[in-house]
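K.L.:
For reference, the file input.txt (compact mmCIF, N, CA and C atoms) is included below:
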```
# COMPACT_ATOMS: atom_id res chain seq x y z
N MET A 1 -16.41 -29.83 98.26
CA MET A 1 -16.31 -28.38 98.12
C MET A 1 -17.69 -27.80 97.89
N GLN A 2 -17.84 -26.61 98.32
CA GLN A 2 -19.11 -25.90 98.13
C GLN A 2 -18.98 -25.00 96.90
N TYR A 3 -19.00 -25.62 95.72
CA TYR A 3 -18.75 -24.90 94.48
C TYR A 3 -19.64 -23.67 94.28
N PRO A 4 -20.94 -23.75 94.47
CA PRO A 4 -21.78 -22.57 94.26
C PRO A 4 -21.38 -21.39 95.15
N THR A 5 -21.04 -21.68 96.40
CA THR A 5 -20.62 -20.62 97.33
C THR A 5 -19.33 -19.96 96.86
N TYR A 6 -18.36 -20.77 96.47
CA TYR A 6 -17.07 -20.25 96.04
C TYR A 6 -17.16 -19.50 94.72
N ILE A 7 -18.00 -19.98 93.82
CA ILE A 7 -18.19 -19.30 92.54
C ILE A 7 -18.81 -17.92 92.77
N LEU A 8 -19.77 -17.82 93.67
CA LEU A 8 -20.39 -16.52 93.98
C LEU A 8 -19.38 -15.54 94.58
N GLN A 9 -18.37 -16.06 95.26
CA GLN A 9 -17.34 -15.22 95.88
C GLN A 9 -16.15 -15.01 94.96
N ASP A 10 -16.27 -15.42 93.69
CA ASP A 10 -15.22 -15.28 92.67
C ASP A 10 -13.92 -15.99 93.01
N TYR A 11 -14.01 -17.11 93.73
CA TYR A 11 -12.82 -17.92 94.00
C TYR A 11 -12.52 -18.79 92.79
N MET A 12 -11.24 -19.02 92.54
CA MET A 12 -10.84 -19.94 91.48
C MET A 12 -10.98 -21.36 92.02
N ILE A 13 -11.76 -22.16 91.36
CA ILE A 13 -11.97 -23.51 91.88
C ILE A 13 -11.36 -24.58 90.99
N GLY A 14 -10.85 -24.21 89.85
CA GLY A 14 -10.22 -25.17 88.96
C GLY A 14 -8.73 -25.25 89.21
N SER A 15 -8.10 -26.30 88.73
CA SER A 15 -6.66 -26.46 88.94
C SER A 15 -5.84 -25.74 87.87
N GLY A 16 -6.45 -25.33 86.78
CA GLY A 16 -5.71 -24.69 85.68
C GLY A 16 -4.96 -23.45 86.09
N ALA A 17 -5.60 -22.58 86.88
CA ALA A 17 -4.94 -21.34 87.31
C ALA A 17 -3.76 -21.63 88.21
N ILE A 18 -3.90 -22.62 89.08
CA ILE A 18 -2.81 -22.98 89.98
C ILE A 18 -1.65 -23.59 89.20
N GLU A 19 -1.95 -24.46 88.26
CA GLU A 19 -0.90 -25.07 87.45
C GLU A 19 -0.16 -24.03 86.62
N THR A 20 -0.87 -23.07 86.08
CA THR A 20 -0.24 -22.00 85.30
C THR A 20 0.64 -21.14 86.19
N ALA A 21 0.15 -20.80 87.38
CA ALA A 21 0.95 -20.00 88.31
C ALA A 21 2.21 -20.76 88.71
N HIS A 22 2.10 -22.04 88.94
CA HIS A 22 3.27 -22.85 89.29
C HIS A 22 4.30 -22.81 88.17
N LYS A 23 3.85 -22.93 86.95
CA LYS A 23 4.77 -22.89 85.82
C LYS A 23 5.42 -21.52 85.67
N THR A 24 4.61 -20.47 85.81
CA THR A 24 5.11 -19.10 85.63
C THR A 24 6.00 -18.66 86.78
N VAL A 25 5.55 -18.89 87.99
CA VAL A 25 6.27 -18.36 89.16
C VAL A 25 7.44 -19.24 89.56
N ILE A 26 7.25 -20.53 89.58
CA ILE A 26 8.27 -21.41 90.13
C ILE A 26 9.17 -22.04 89.07
N GLN A 27 8.57 -22.76 88.14
CA GLN A 27 9.38 -23.55 87.23
C GLN A 27 10.31 -22.73 86.35
N ARG A 28 9.87 -21.57 85.89
CA ARG A 28 10.72 -20.77 84.99
C ARG A 28 12.04 -20.38 85.66
N ARG A 29 12.02 -20.12 86.94
CA ARG A 29 13.24 -19.71 87.63
C ARG A 29 13.99 -20.89 88.22
N MET A 30 13.28 -21.84 88.77
CA MET A 30 13.91 -22.91 89.53
C MET A 30 14.48 -24.02 88.66
N LYS A 31 14.05 -24.11 87.42
CA LYS A 31 14.51 -25.20 86.56
C LYS A 31 15.49 -24.75 85.48
N LEU A 32 16.16 -23.65 85.70
CA LEU A 32 17.17 -23.21 84.74
C LEU A 32 18.33 -24.20 84.72
N SER A 33 19.02 -24.25 83.62
CA SER A 33 20.12 -25.18 83.46
C SER A 33 21.16 -25.02 84.55
N GLY A 34 21.53 -26.11 85.19
CA GLY A 34 22.58 -26.10 86.20
C GLY A 34 22.15 -25.64 87.58
N GLN A 35 20.88 -25.35 87.78
CA GLN A 35 20.41 -24.85 89.07
C GLN A 35 20.35 -25.98 90.10
N ARG A 36 20.81 -25.68 91.31
CA ARG A 36 20.69 -26.58 92.45
C ARG A 36 20.20 -25.73 93.61
N TRP A 37 19.20 -26.20 94.33
CA TRP A 37 18.59 -25.41 95.39
C TRP A 37 18.49 -26.19 96.68
N SER A 38 18.84 -25.54 97.77
CA SER A 38 18.50 -26.09 99.09
C SER A 38 17.03 -25.77 99.33
N LEU A 39 16.41 -26.42 100.28
CA LEU A 39 15.01 -26.14 100.57
C LEU A 39 14.84 -24.68 101.02
N LYS A 40 15.74 -24.20 101.87
CA LYS A 40 15.66 -22.81 102.35
C LYS A 40 15.85 -21.83 101.19
N GLY A 41 16.82 -22.08 100.34
CA GLY A 41 17.07 -21.20 99.19
C GLY A 41 15.90 -21.18 98.23
N ALA A 42 15.30 -22.36 98.00
CA ALA A 42 14.15 -22.44 97.10
C ALA A 42 12.96 -21.67 97.66
N LYS A 43 12.72 -21.80 98.96
CA LYS A 43 11.61 -21.05 99.58
C LYS A 43 11.84 -19.55 99.48
N ASN A 44 13.07 -19.12 99.72
CA ASN A 44 13.38 -17.69 99.62
C ASN A 44 13.19 -17.18 98.19
N MET A 45 13.65 -17.94 97.21
CA MET A 45 13.49 -17.54 95.81
C MET A 45 12.02 -17.50 95.43
N PHE A 46 11.26 -18.48 95.88
CA PHE A 46 9.83 -18.52 95.60
C PHE A 46 9.15 -17.27 96.16
N ASN A 47 9.48 -16.90 97.39
CA ASN A 47 8.88 -15.71 98.00
C ASN A 47 9.24 -14.45 97.22
N LEU A 48 10.49 -14.33 96.82
CA LEU A 48 10.90 -13.16 96.04
C LEU A 48 10.20 -13.11 94.68
N ARG A 49 10.05 -14.26 94.03
CA ARG A 49 9.36 -14.30 92.73
C ARG A 49 7.90 -13.87 92.89
N CYS A 50 7.26 -14.33 93.95
CA CYS A 50 5.86 -13.96 94.18
C CYS A 50 5.72 -12.45 94.36
N VAL A 51 6.63 -11.86 95.15
CA VAL A 51 6.59 -10.41 95.37
C VAL A 51 6.85 -9.67 94.06
N ALA A 52 7.86 -10.10 93.33
CA ALA A 52 8.22 -9.42 92.08
C ALA A 52 7.08 -9.49 91.06
N LEU A 53 6.50 -10.66 90.90
CA LEU A 53 5.46 -10.83 89.90
C LEU A 53 4.13 -10.21 90.31
N SER A 54 3.97 -9.91 91.60
CA SER A 54 2.73 -9.27 92.05
C SER A 54 2.84 -7.75 91.98
N GLY A 55 4.01 -7.24 91.57
CA GLY A 55 4.17 -5.81 91.41
C GLY A 55 4.52 -5.06 92.68
N HIS A 56 5.05 -5.77 93.68
CA HIS A 56 5.37 -5.13 94.96
C HIS A 56 6.87 -5.15 95.25
N TRP A 57 7.70 -5.09 94.21
CA TRP A 57 9.14 -5.16 94.41
C TRP A 57 9.65 -3.96 95.23
N ASP A 58 8.95 -2.83 95.17
CA ASP A 58 9.38 -1.67 95.94
C ASP A 58 9.41 -1.99 97.43
N TRP A 59 8.55 -2.89 97.89
CA TRP A 59 8.56 -3.30 99.30
C TRP A 59 9.88 -3.98 99.64
N VAL A 60 10.38 -4.83 98.75
CA VAL A 60 11.65 -5.52 98.97
C VAL A 60 12.78 -4.51 99.06
N GLU A 61 12.78 -3.55 98.15
CA GLU A 61 13.84 -2.53 98.16
C GLU A 61 13.81 -1.72 99.46
N GLN A 62 12.62 -1.34 99.90
CA GLN A 62 12.50 -0.59 101.15
C GLN A 62 12.99 -1.42 102.34
N HIS A 63 12.62 -2.68 102.36
CA HIS A 63 13.03 -3.57 103.44
C HIS A 63 14.55 -3.72 103.48
N CYS A 64 15.18 -3.86 102.30
CA CYS A 64 16.64 -3.99 102.22
C CYS A 64 17.32 -2.70 102.68
N ARG A 65 16.75 -1.55 102.31
CA ARG A 65 17.34 -0.28 102.76
C ARG A 65 17.28 -0.15 104.28
N LYS A 66 16.17 -0.56 104.87
CA LYS A 66 16.03 -0.51 106.34
C LYS A 66 17.04 -1.43 107.00
N ALA A 67 17.23 -2.60 106.46
CA ALA A 67 18.16 -3.58 107.03
C ALA A 67 19.60 -3.07 106.93
N ALA A 68 19.92 -2.35 105.86
CA ALA A 68 21.29 -1.85 105.66
C ALA A 68 21.58 -0.63 106.50
N ALA A 69 20.56 0.07 106.95
CA ALA A 69 20.76 1.33 107.71
C ALA A 69 21.20 1.06 109.13
```
Can you turn what I pasted into structure tokens?
P.N.:
Amino acid sequence: MQYPTYILQDYMIGSGAIETAHKTVIQRRMKLSGQRWSLKGAKNMFNLRCVALSGHWDWVEQHCRKAAA
């Protein structure tokens, strides 16, 4: 890796941020008691969690309204 280049561009180069995001975004929802997931269902839930936690849930609502119309 070109650490100096990535640091100058403010990229996260450590694994800590990724591990924390995995715990926050994925594990909290996917590992609830009694949960069973298909691969497709897990991918869909992961995508929805990412959108919700990034503050763009209004996009999901707009998309659902368009699909229902």
K.L.:
Have a look at atom CA of Thr24 of chain A and atom CA of Leu53 of chain A and let me know their distance in Å, one decimal.
P.N.:
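These atoms are spaced 9.3 Å apart.
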K.L.:
Residues of chain A in alpha helix (DSSP H) according to DSSP, as a VMD selection string?
P.N.:
chain A and resid 3 to 8 16 to 21 28 to 30 39 to 53 57 to 68
K.L.:
Measure the distance from atom CA of Gly34 of chain A to atom CA of Ser15 of chain A in Å and round it to one decimal.
P.N.:
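Computed distance, atom CA of Gly34 of chain A to atom CA of Ser15 of chain A, equals 29.4 Å.
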K.L.:
As an exercise, work out the distance from atom N of Ala21 of chain A to atom C of Phe46 of chain A in Å and give it to one decimal place.
P.N.:
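Taking atom N of Ala21 of chain A and atom C of Phe46 of chain A, their separation equals 13.1 Å.
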K.L.:
Quick one: of A:Arg65, A:Ala42, A:Leu48, A:Gly16, who's nearest to Met30 of chain A, counting all atoms listed in the file?
P.N.:
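Ranking A:Arg65, A:Ala42, A:Leu48, A:Gly16 by distance to Met30 of chain A, first place goes to A:Ala42.
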